[in-house]
Each structure stands twice: as structure tokens, then as C-alpha cells.
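Undergrad: coords_18.txt is reproduced in full below (compact mmCIF, C-alpha atoms).
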# COMPACT_ATOMS: atom_id res chain seq x y z
CA ASP B 593 16.63 -6.46 1.31
CA GLN B 594 13.28 -6.85 -0.38
CA GLN B 595 11.19 -9.28 1.62
CA VAL B 596 8.27 -9.30 -0.80
CA LYS B 597 9.10 -9.70 -4.47
CA GLN B 598 7.01 -9.44 -7.58
CA ASN B 599 9.46 -10.46 -10.26
CA SER B 600 7.26 -9.66 -13.26
CA PRO B 601 6.92 -5.91 -13.69
CA SER B 602 4.26 -6.37 -16.36
CA LEU B 603 1.86 -8.92 -17.82
CA SER B 604 -0.41 -8.88 -20.88
CA VAL B 605 -3.40 -11.19 -21.14
CA GLN B 606 -6.20 -11.55 -23.64
CA GLU B 607 -9.71 -10.71 -22.45
CA GLY B 608 -11.50 -13.81 -21.19
CA ARG B 609 -8.31 -15.69 -20.38
CA ILE B 610 -6.75 -16.26 -16.98
CA SER B 611 -4.34 -13.74 -15.45
CA ILE B 612 -1.84 -15.13 -12.95
CA LEU B 613 0.15 -12.71 -10.87
CA ASN B 614 2.94 -14.08 -8.72
CA CYS B 615 4.57 -13.00 -5.49
CA ASP B 616 7.43 -14.46 -3.45
CA TYR B 617 8.42 -13.64 0.09
CA THR B 618 11.38 -14.41 2.28
CA ASN B 619 10.21 -13.74 5.84
CA SER B 620 8.70 -16.86 7.41
CA MET B 621 7.08 -14.66 10.08
CA PHE B 622 4.58 -13.30 7.58
CA ASP B 623 1.17 -14.68 8.51
CA TYR B 624 -1.29 -12.66 6.45
CA PHE B 625 -1.13 -11.76 2.78
CA LEU B 626 -3.01 -9.17 0.79
CA TRP B 627 -3.45 -8.11 -2.81
CA TYR B 628 -4.17 -4.53 -3.80
CA LYS B 629 -5.08 -3.06 -7.16
CA LYS B 630 -4.07 0.43 -8.22
CA TYR B 631 -5.34 2.52 -11.08
CA PRO B 632 -3.36 5.57 -12.25
CA ALA B 633 -3.92 8.69 -10.13
CA GLU B 634 -5.66 6.67 -7.42
CA GLY B 635 -4.53 5.03 -4.21
CA PRO B 636 -4.33 1.23 -3.95
CA THR B 637 -7.60 -0.59 -3.35
CA PHE B 638 -7.77 -3.74 -1.27
CA LEU B 639 -8.73 -6.76 -3.36
CA ILE B 640 -8.40 -10.02 -1.48
CA SER B 641 -6.42 -11.53 1.39
CA ILE B 642 -5.41 -14.88 2.80
CA SER B 643 -4.29 -16.07 6.19
CA SER B 644 -1.31 -18.36 6.49
CA ILE B 645 -3.57 -21.09 7.90
CA LYS B 646 -5.26 -21.39 4.51
CA ASP B 647 -3.94 -22.25 1.08
CA LYS B 648 -6.73 -20.78 -1.02
CA ASN B 649 -9.23 -17.96 -0.83
CA GLU B 650 -11.76 -17.17 -3.52
CA ASP B 651 -13.87 -14.09 -4.13
CA GLY B 652 -15.74 -14.03 -7.39
CA ARG B 653 -13.29 -13.89 -10.29
CA PHE B 654 -10.34 -13.53 -7.92
CA THR B 655 -8.58 -16.41 -6.19
CA VAL B 656 -5.43 -16.22 -4.11
CA PHE B 657 -3.28 -19.30 -3.59
CA LEU B 658 -0.67 -19.62 -0.87
CA ASN B 659 2.19 -22.12 -0.90
CA LYS B 660 3.90 -21.69 2.47
CA SER B 661 6.64 -24.20 1.84
CA ALA B 662 7.66 -22.32 -1.30
CA LYS B 663 6.95 -18.93 0.26
CA HIS B 664 4.92 -18.12 -2.81
CA LEU B 665 1.49 -16.73 -3.44
CA SER B 666 -0.41 -16.04 -6.61
CA LEU B 667 -3.49 -14.16 -7.65
CA HIS B 668 -5.66 -15.68 -10.36
CA ILE B 669 -8.19 -13.58 -12.22
CA VAL B 670 -10.57 -15.49 -14.43
CA PRO B 671 -12.00 -14.47 -16.75
CA SER B 672 -9.86 -11.37 -17.19
CA GLN B 673 -11.64 -8.19 -18.20
CA PRO B 674 -10.28 -4.94 -19.67
CA GLY B 675 -11.28 -3.15 -16.44
CA ASP B 676 -8.82 -5.36 -14.59
CA SER B 677 -5.96 -3.49 -16.26
CA ALA B 678 -4.09 -1.92 -13.34
CA VAL B 679 -1.02 -2.35 -11.17
CA TYR B 680 -1.36 -5.18 -8.67
CA PHE B 681 0.57 -5.09 -5.40
CA CYS B 682 1.22 -8.06 -3.21
CA ALA B 683 1.64 -7.33 0.51
CA ALA B 684 2.56 -9.43 3.52
CA SER B 685 1.87 -8.77 7.17
CA GLY B 686 3.92 -10.14 10.01
CA GLN B 687 6.75 -9.54 12.42
CA THR B 688 9.57 -7.62 10.77
CA GLY B 689 12.42 -6.18 12.80
CA GLY B 690 10.47 -6.68 16.01
CA TYR B 691 7.36 -4.90 14.75
CA GLN B 692 4.14 -6.09 13.19
CA LYS B 693 3.97 -4.42 9.81
CA VAL B 694 2.84 -4.77 6.22
CA THR B 695 5.49 -5.02 3.52
CA PHE B 696 4.62 -4.36 -0.11
CA GLY B 697 6.06 -5.69 -3.35
CA THR B 698 6.96 -3.44 -6.28
CA GLY B 699 3.82 -4.28 -8.24
CA THR B 700 2.93 -5.97 -11.53
CA LYS B 701 1.24 -3.97 -14.25
CA LEU B 702 -1.52 -6.05 -15.82
CA GLN B 703 -2.88 -5.20 -19.23
CA VAL B 704 -5.96 -7.04 -20.40
CA ILE B 705 -6.30 -6.79 -24.15
CA PRO B 706 -9.85 -6.64 -25.55
CA GLU R 923 -14.10 6.84 -3.12
CA THR R 924 -12.56 4.78 -0.34
CA GLY R 925 -13.51 6.98 2.60
CA VAL R 926 -9.98 8.30 3.00
CA THR R 927 -9.48 11.83 1.71
CA GLN R 928 -6.12 13.47 1.13
CA THR R 929 -5.39 17.10 0.39
CA PRO R 930 -3.84 18.56 -1.60
CA ARG R 931 -3.72 16.18 -4.56
CA HIS R 932 -0.67 17.91 -6.00
CA LEU R 933 1.98 20.03 -4.30
CA VAL R 934 5.06 21.76 -5.63
CA MET R 935 7.34 23.22 -2.99
CA GLY R 936 10.78 24.73 -2.76
CA MET R 937 13.45 23.26 -0.55
CA THR R 938 13.07 26.05 2.01
CA ASN R 939 9.28 25.89 2.21
CA LYS R 940 7.13 24.45 4.96
CA LYS R 941 3.95 22.70 3.95
CA SER R 942 1.55 20.11 5.38
CA LEU R 943 -0.32 17.18 3.90
CA LYS R 944 -3.70 16.36 5.33
CA CYS R 945 -5.56 13.07 5.60
CA GLU R 946 -9.05 12.45 6.88
CA GLN R 947 -11.04 9.25 7.39
CA HIS R 948 -14.53 8.77 8.75
CA LEU R 949 -14.57 5.00 8.58
CA GLY R 950 -14.17 4.54 12.31
CA HIS R 951 -10.74 3.02 11.82
CA ASN R 952 -8.25 2.94 14.63
CA ALA R 953 -4.99 2.89 12.67
CA MET R 954 -3.67 5.43 10.19
CA TYR R 955 -0.53 5.37 8.09
CA TRP R 956 1.69 7.46 5.87
CA TYR R 957 3.32 5.69 2.94
CA LYS R 958 5.76 6.97 0.33
CA GLN R 959 5.76 5.64 -3.22
CA SER R 960 8.74 6.48 -5.38
CA ALA R 961 9.11 5.40 -8.99
CA LYS R 962 9.95 1.71 -9.40
CA LYS R 963 10.12 1.15 -5.64
CA PRO R 964 7.74 -0.66 -3.29
CA LEU R 965 5.42 1.31 -1.09
CA GLU R 966 7.47 2.42 1.90
CA LEU R 967 5.78 2.65 5.26
CA MET R 968 6.75 5.91 6.96
CA PHE R 969 4.60 6.24 10.07
CA VAL R 970 1.93 4.28 11.88
CA TYR R 971 -0.57 5.64 14.37
CA ASN R 972 -2.71 3.22 16.35
CA PHE R 973 -5.41 4.75 18.53
CA LYS R 974 -3.75 8.17 17.96
CA GLU R 975 -0.42 6.95 19.31
CA GLN R 976 2.58 6.72 17.02
CA THR R 977 3.72 3.13 17.08
CA GLU R 978 6.35 3.13 14.37
CA ASN R 979 8.75 5.48 12.69
CA ASN R 980 10.62 3.60 10.01
CA SER R 981 13.84 5.64 10.07
CA VAL R 982 12.18 8.59 8.41
CA PRO R 983 14.25 11.82 8.33
CA SER R 984 13.15 14.50 10.76
CA ARG R 985 12.22 16.83 7.90
CA PHE R 986 9.02 14.75 7.84
CA SER R 987 6.95 15.27 10.96
CA PRO R 988 3.62 13.48 11.50
CA GLU R 989 0.77 14.67 13.66
CA CYS R 990 -2.38 12.77 14.66
CA PRO R 991 -4.70 15.08 16.62
CA ASN R 992 -7.52 12.53 16.69
CA SER R 993 -8.37 9.15 15.24
CA SER R 994 -9.90 10.68 12.09
CA HIS R 995 -7.14 13.07 11.06
CA LEU R 996 -3.51 12.68 10.18
CA PHE R 997 -1.04 15.30 9.02
CA LEU R 998 2.42 15.14 7.55
CA HIS R 999 4.38 18.34 8.09
CA LEU R 1000 7.16 18.96 5.60
CA HIS R 1001 10.12 21.32 5.95
CA THR R 1002 13.44 21.74 4.17
CA LEU R 1003 12.79 18.83 1.85
CA GLN R 1004 15.18 17.59 -0.81
CA PRO R 1005 14.43 16.95 -4.49
CA GLU R 1006 14.74 13.20 -3.84
CA ASP R 1007 11.73 13.48 -1.52
CA SER R 1008 9.56 14.03 -4.60
CA ALA R 1009 7.12 11.12 -4.63
CA LEU R 1010 3.51 10.10 -4.18
CA TYR R 1011 2.56 10.26 -0.49
CA LEU R 1012 -0.30 7.98 0.44
CA CYS R 1013 -2.37 7.99 3.58
CA ALA R 1014 -4.22 4.86 4.63
CA SER R 1015 -6.38 3.65 7.48
CA SER R 1016 -7.45 0.28 8.78
CA ARG R 1017 -9.73 -1.05 11.46
CA GLN R 1018 -6.81 -2.63 13.26
CA ALA R 1019 -3.14 -1.99 12.73
CA HIS R 1020 -1.64 -3.83 9.79
CA THR R 1021 -4.83 -5.34 8.42
CA GLU R 1022 -6.68 -4.49 5.19
CA ALA R 1023 -6.07 -0.82 4.56
CA PHE R 1024 -8.09 1.78 2.74
CA PHE R 1025 -5.91 4.24 0.88
CA GLY R 1026 -6.46 7.82 -0.09
CA GLN R 1027 -5.74 9.03 -3.60
CA GLY R 1028 -2.37 10.38 -2.58
CA THR R 1029 -0.55 13.68 -2.81
CA ARG R 1030 1.89 14.00 -5.70
CA LEU R 1031 4.74 16.02 -4.19
CA THR R 1032 7.41 17.71 -6.25
CA VAL R 1033 10.33 19.40 -4.49
CA VAL R 1034 12.14 21.95 -6.63
What is this structure when it is put down as C-alpha cells?
TA:
Amino acid sequence: DQQVKQNSPSLSVQEGRISILNCDYTNSMFDYFLWYKKYPAEGPTFLISISSIKDKNEDGRFTVFLNKSAKHLSLHIVPSQPGDSAVYFCAASGQTGGYQKVTFGTGTKLQVIP
Amino acid sequence: ETGVTQTPRHLVMGMTNKKSLKCEQHLGHNAMYWYKQSAKKPLELMFVYNFKEQTENNSVPSRFSPECPNSSHLFLHLHTLQPEDSALYLCASSRQAHTEAFFGQGTRLTVV
């Protein structure tokens, strides 16, 4: 049972336009959400996070939106740059099976076309 | 460079071999993790150490054995693995358990 879902395995966006990566979750106990970026042959790198008490967090070109009622979060990158091409993982932290843990999605591969 | 170093980067081992993966962090973090990433699957949390104490073992087979001698080092001892254990093994650390994590570059393991 996948508690964190990234339904789009890939996304292509033109340079300069907005990239929107989506993530859905099922566990209402999740209270902290994170986005990671991963380049080939490297480990994931933390990008941005949001607490469940907020609905938006912005850091430069990156903004994360949280819709708790829909159990949905999204990462907006604007403007998109070729260097943003990577796999983006959504992760959620909260009580799962009696433990506090972080659960990852399967990732979305973003390609920014110059 | 994230401050988390994993060795080796690549490992090929036979099913009867014994090998160990090493992870080191000097970020002053209190929590360390082993994750497994298989193709087309989410990152799977294997083990969590918080202040050198193992706090979780997510139903990982006993052929994987973690060791955390101090808060800066984490090992994953491997023995009698199966070909389906071939994957990218990632180590991570965080200041507190289950917060923003810093990942190493991973060890690409192939079991033949």
C-alpha cells in the first residue's frame, strides 16, 4: 500500500516556464512534507519542506503548496532551468504503523528543455 | 558533497560472499539511516539509528545486518544475499530522526 504517490513518472517543460510536480498521500497522520531532488549517480538532495500547519512555503524559485483536505502537495519551479532536470521525490513524515518515519514517493523525472 | 560519504560506490558480490558497506558523516547529526532503492520502486527505509540506538527495523531480512559503532559511522553487513537484493543502497543522516536528511551518493550493489 503506497502511502505517498507521485502519479506522473515524467514531465517535460520548456526552459523559462513553470514546472509543477504533484504528490498525493493517504495517511492523515503525516505532518511534515519534503521534496528531494536526485541527479543520476548521486544521492537525493533535500530541496524544500512544509509543515502541515502551513499551506505554502517558498524558497527562491521553488514553492511547495499543501492542500490538507485533498491530501495533495505540489512543487512549483519557476522559471524552470535546464539544471533543474532531475528526478524529484516527494516524502512525508508522520506516524506510520506506530512509528514516526519518512515515506517516499516513486519520483517524477523532470526534463527542462532549453 | 553533502557531508555523507559512502564506500564503496560500486560492489559486485557472489551469493556466498560477505561484504560490508560503510557510511560516514561529520555533520554532527544524531540520526542515521539505510535506505534501499530498487528500480521503479520508492526509497525503502531499512534501518534507523537515533543516538547510536537502532530504533527501527522495517522487516529487513537477517542477511542484512546494521552496525552503528558511534554517531558518525554506520555499516551494513551483507551475507548470503540474493540476486533480487541488487539495488542502490543509500545512507542518510539528519539532525533529528525523520527530519530533513542528507544522503550519501549510494553504493550500487550487484549480487551475482
Undergrad: Wanna dump the chain R-chain B contacts at 7 Å for me, each residue with its shortest atom pair and the distance in Å to one decimal, counting all atoms listed in the file, ordered by chain and number, as a tab-separated table?
TA:
residue	atom	partner	partner_atom	distance
R:Lys962	CA	B:Thr698	CA	6.7
R:Lys963	CA	B:Thr698	CA	5.6
R:Pro964	CA	B:Thr698	CA	4.2
R:Leu965	CA	B:Phe696	CA	5.8
R:Leu1012	CA	B:Gly635	CA	6.9
R:His1020	CA	B:Lys693	CA	5.6
R:Glu1022	CA	B:Phe638	CA	6.6
R:Ala1023	CA	B:Phe638	CA	6.7
R:Phe1024	CA	B:Thr637	CA	6.6
R:Phe1025	CA	B:Gly635	CA	5.3
R:Gly1026	CA	B:Gly635	CA	5.3
R:Gln1027	CA	B:Gly635	CA	4.2
R:Gly1028	CA	B:Gly635	CA	6.0
Undergrad: Let me see the file: selected residues, C-alpha atoms, as a PDB file, in the coordinates of the input.
TA:
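The result, stored in again-v7.pdb:
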ATOM      1  CA  LYS R 962       9.950   1.710  -9.400  1.00  0.00           C
ATOM      2  CA  LYS R 963      10.120   1.150  -5.640  1.00  0.00           C
ATOM      3  CA  PRO R 964       7.740  -0.660  -3.290  1.00  0.00           C
ATOM      4  CA  LEU R 965       5.420   1.310  -1.090  1.00  0.00           C
ATOM      5  CA  LEU R1012      -0.300   7.980   0.440  1.00  0.00           C
ATOM      6  CA  HIS R1020      -1.640  -3.830   9.790  1.00  0.00           C
ATOM      7  CA  GLU R1022      -6.680  -4.490   5.190  1.00  0.00           C
ATOM      8  CA  ALA R1023      -6.070  -0.820   4.560  1.00  0.00           C
ATOM      9  CA  PHE R1024      -8.090   1.780   2.740  1.00  0.00           C
ATOM     10  CA  PHE R1025      -5.910   4.240   0.880  1.00  0.00           C
ATOM     11  CA  GLY R1026      -6.460   7.820  -0.090  1.00  0.00           C
ATOM     12  CA  GLN R1027      -5.740   9.030  -3.600  1.00  0.00           C
ATOM     13  CA  GLY R1028      -2.370  10.380  -2.580  1.00  0.00           C
TER      14      GLY R1028
END
Undergrad: Expressed in Å to a single decimal, how great is the separation between CA of Gln947 (chain R) and CA of Ser644 (chain B)?
TA: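 These two atoms are separated by 29.3 Å.
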Undergrad: Kindly give the distance, in Å, that separates CA of Ala1014 (chain R) and CA of Glu989 (chain R), rounded to a single decimal.
TA: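 About the pair CA of Ala1014 (chain R) and CA of Glu989 (chain R): they are 14.2 Å apart.
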Undergrad: So which one's closest to Thr1032 (chain R), R:Pro983, R:Gly936, R:Pro991, R:Gly950? Using only C-alpha atoms, please.
TA: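 Looking only at the distances to Thr1032 (chain R), the closest residue turns out to be R:Gly936.
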Undergrad: Hey, which of B:Asn614, B:Ser672, B:Gln595, B:Asn619 ends up closest to Gln687 (chain B)? Count all atoms listed in the file.
TA: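 Of all the options, B:Asn619 lies closest to Gln687 (chain B).
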Undergrad: What's the separation between CA of Lys648 (chain B) and CA of Ile610 (chain B), in Å to one decimal place?
TA: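 Going from CA of Lys648 (chain B) over to CA of Ile610 (chain B), I get 16.6 Å.
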Undergrad: Determine, counting only C-alpha atoms, which protein, DNA and RNA residues have an atom within 10 Å of an atom of region 995-1010 of chain R; residues of the same chain fewer than 6 positions away are not included. Present the result as a ChimeraX atom specification.
TA: /B:633,635 /R:926-929,931-948,954-961,965,969,971,974,983-989,1027-1034
Undergrad: May I have the residues within 10 Å of Ser677 (chain B) as an MDAnalysis selection string, using only C-alpha atoms and disregarding those fewer than 6 positions away in the same chain?
TA: chainID B and resid 603:605 629:631 701:705
Undergrad: Name the residues in contact with Gly608 (chain B) at a cut-off of 12 Å, using only C-alpha atoms, excluding same-chain residues fewer than 6 positions from it; report them as a PyMOL selection string.
TA: chain B and resi 653+669-676+704-706
Undergrad: Keeping only C-alpha atoms, write the selected residues as an mmCIF file, in the coordinates of the input.
TA:
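So out.cif came out as:
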data_model
loop_
_atom_site.group_PDB
_atom_site.id
_atom_site.type_symbol
_atom_site.label_atom_id
_atom_site.label_comp_id
_atom_site.auth_asym_id
_atom_site.auth_seq_id
_atom_site.Cartn_x
_atom_site.Cartn_y
_atom_site.Cartn_z
ATOM 1 C CA ARG B 653 -13.290 -13.890 -10.290
ATOM 2 C CA ILE B 669 -8.190 -13.580 -12.220
ATOM 3 C CA VAL B 670 -10.570 -15.490 -14.430
ATOM 4 C CA PRO B 671 -12.000 -14.470 -16.750
ATOM 5 C CA SER B 672 -9.860 -11.370 -17.190
ATOM 6 C CA GLN B 673 -11.640 -8.190 -18.200
ATOM 7 C CA PRO B 674 -10.280 -4.940 -19.670
ATOM 8 C CA GLY B 675 -11.280 -3.150 -16.440
ATOM 9 C CA ASP B 676 -8.820 -5.360 -14.590
ATOM 10 C CA VAL B 704 -5.960 -7.040 -20.400
ATOM 11 C CA ILE B 705 -6.300 -6.790 -24.150
ATOM 12 C CA PRO B 706 -9.850 -6.640 -25.550
#
Undergrad: Hey, which of R:Ser994, R:Asn980, R:His951, R:Pro930 ends up closest to Arg1017 (chain R)? Count all atoms listed in the file.
TA: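 Closest to Arg1017 (chain R) of all the choices is R:His951.
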Undergrad: Excluding Val656 (chain B) and any residue of its chain fewer than 2 positions from it, enumerate the residues within 7 Å of it, using all atoms listed in the file, and give them as a ChimeraX atom specification.
TA: /B:648-650,654,658,665-668
Undergrad: Keeping C-alpha atoms, export the residues of the selection given above as a compact mmCIF listing (two decimals), keeping the file's coordinate frame.
TA:
# COMPACT_ATOMS: atom_id res chain seq x y z
CA LYS B 648 -6.73 -20.78 -1.02
CA ASN B 649 -9.23 -17.96 -0.83
CA GLU B 650 -11.76 -17.17 -3.52
CA PHE B 654 -10.34 -13.53 -7.92
CA LEU B 658 -0.67 -19.62 -0.87
CA LEU B 665 1.49 -16.73 -3.44
CA SER B 666 -0.41 -16.04 -6.61
CA LEU B 667 -3.49 -14.16 -7.65
CA HIS B 668 -5.66 -15.68 -10.36
Undergrad: Box time for region 972-988 of chain R: axis-aligned, enclosing all its listed atoms, 6 Å extra on each side; report centre and edge lengths in Å to one decimal, as AutoDock Vina command-line options.
TA:
--center_x 4.4 --center_y 10.0 --center_z 13.6 --size_x 31.7 --size_y 25.7 --size_z 23.5
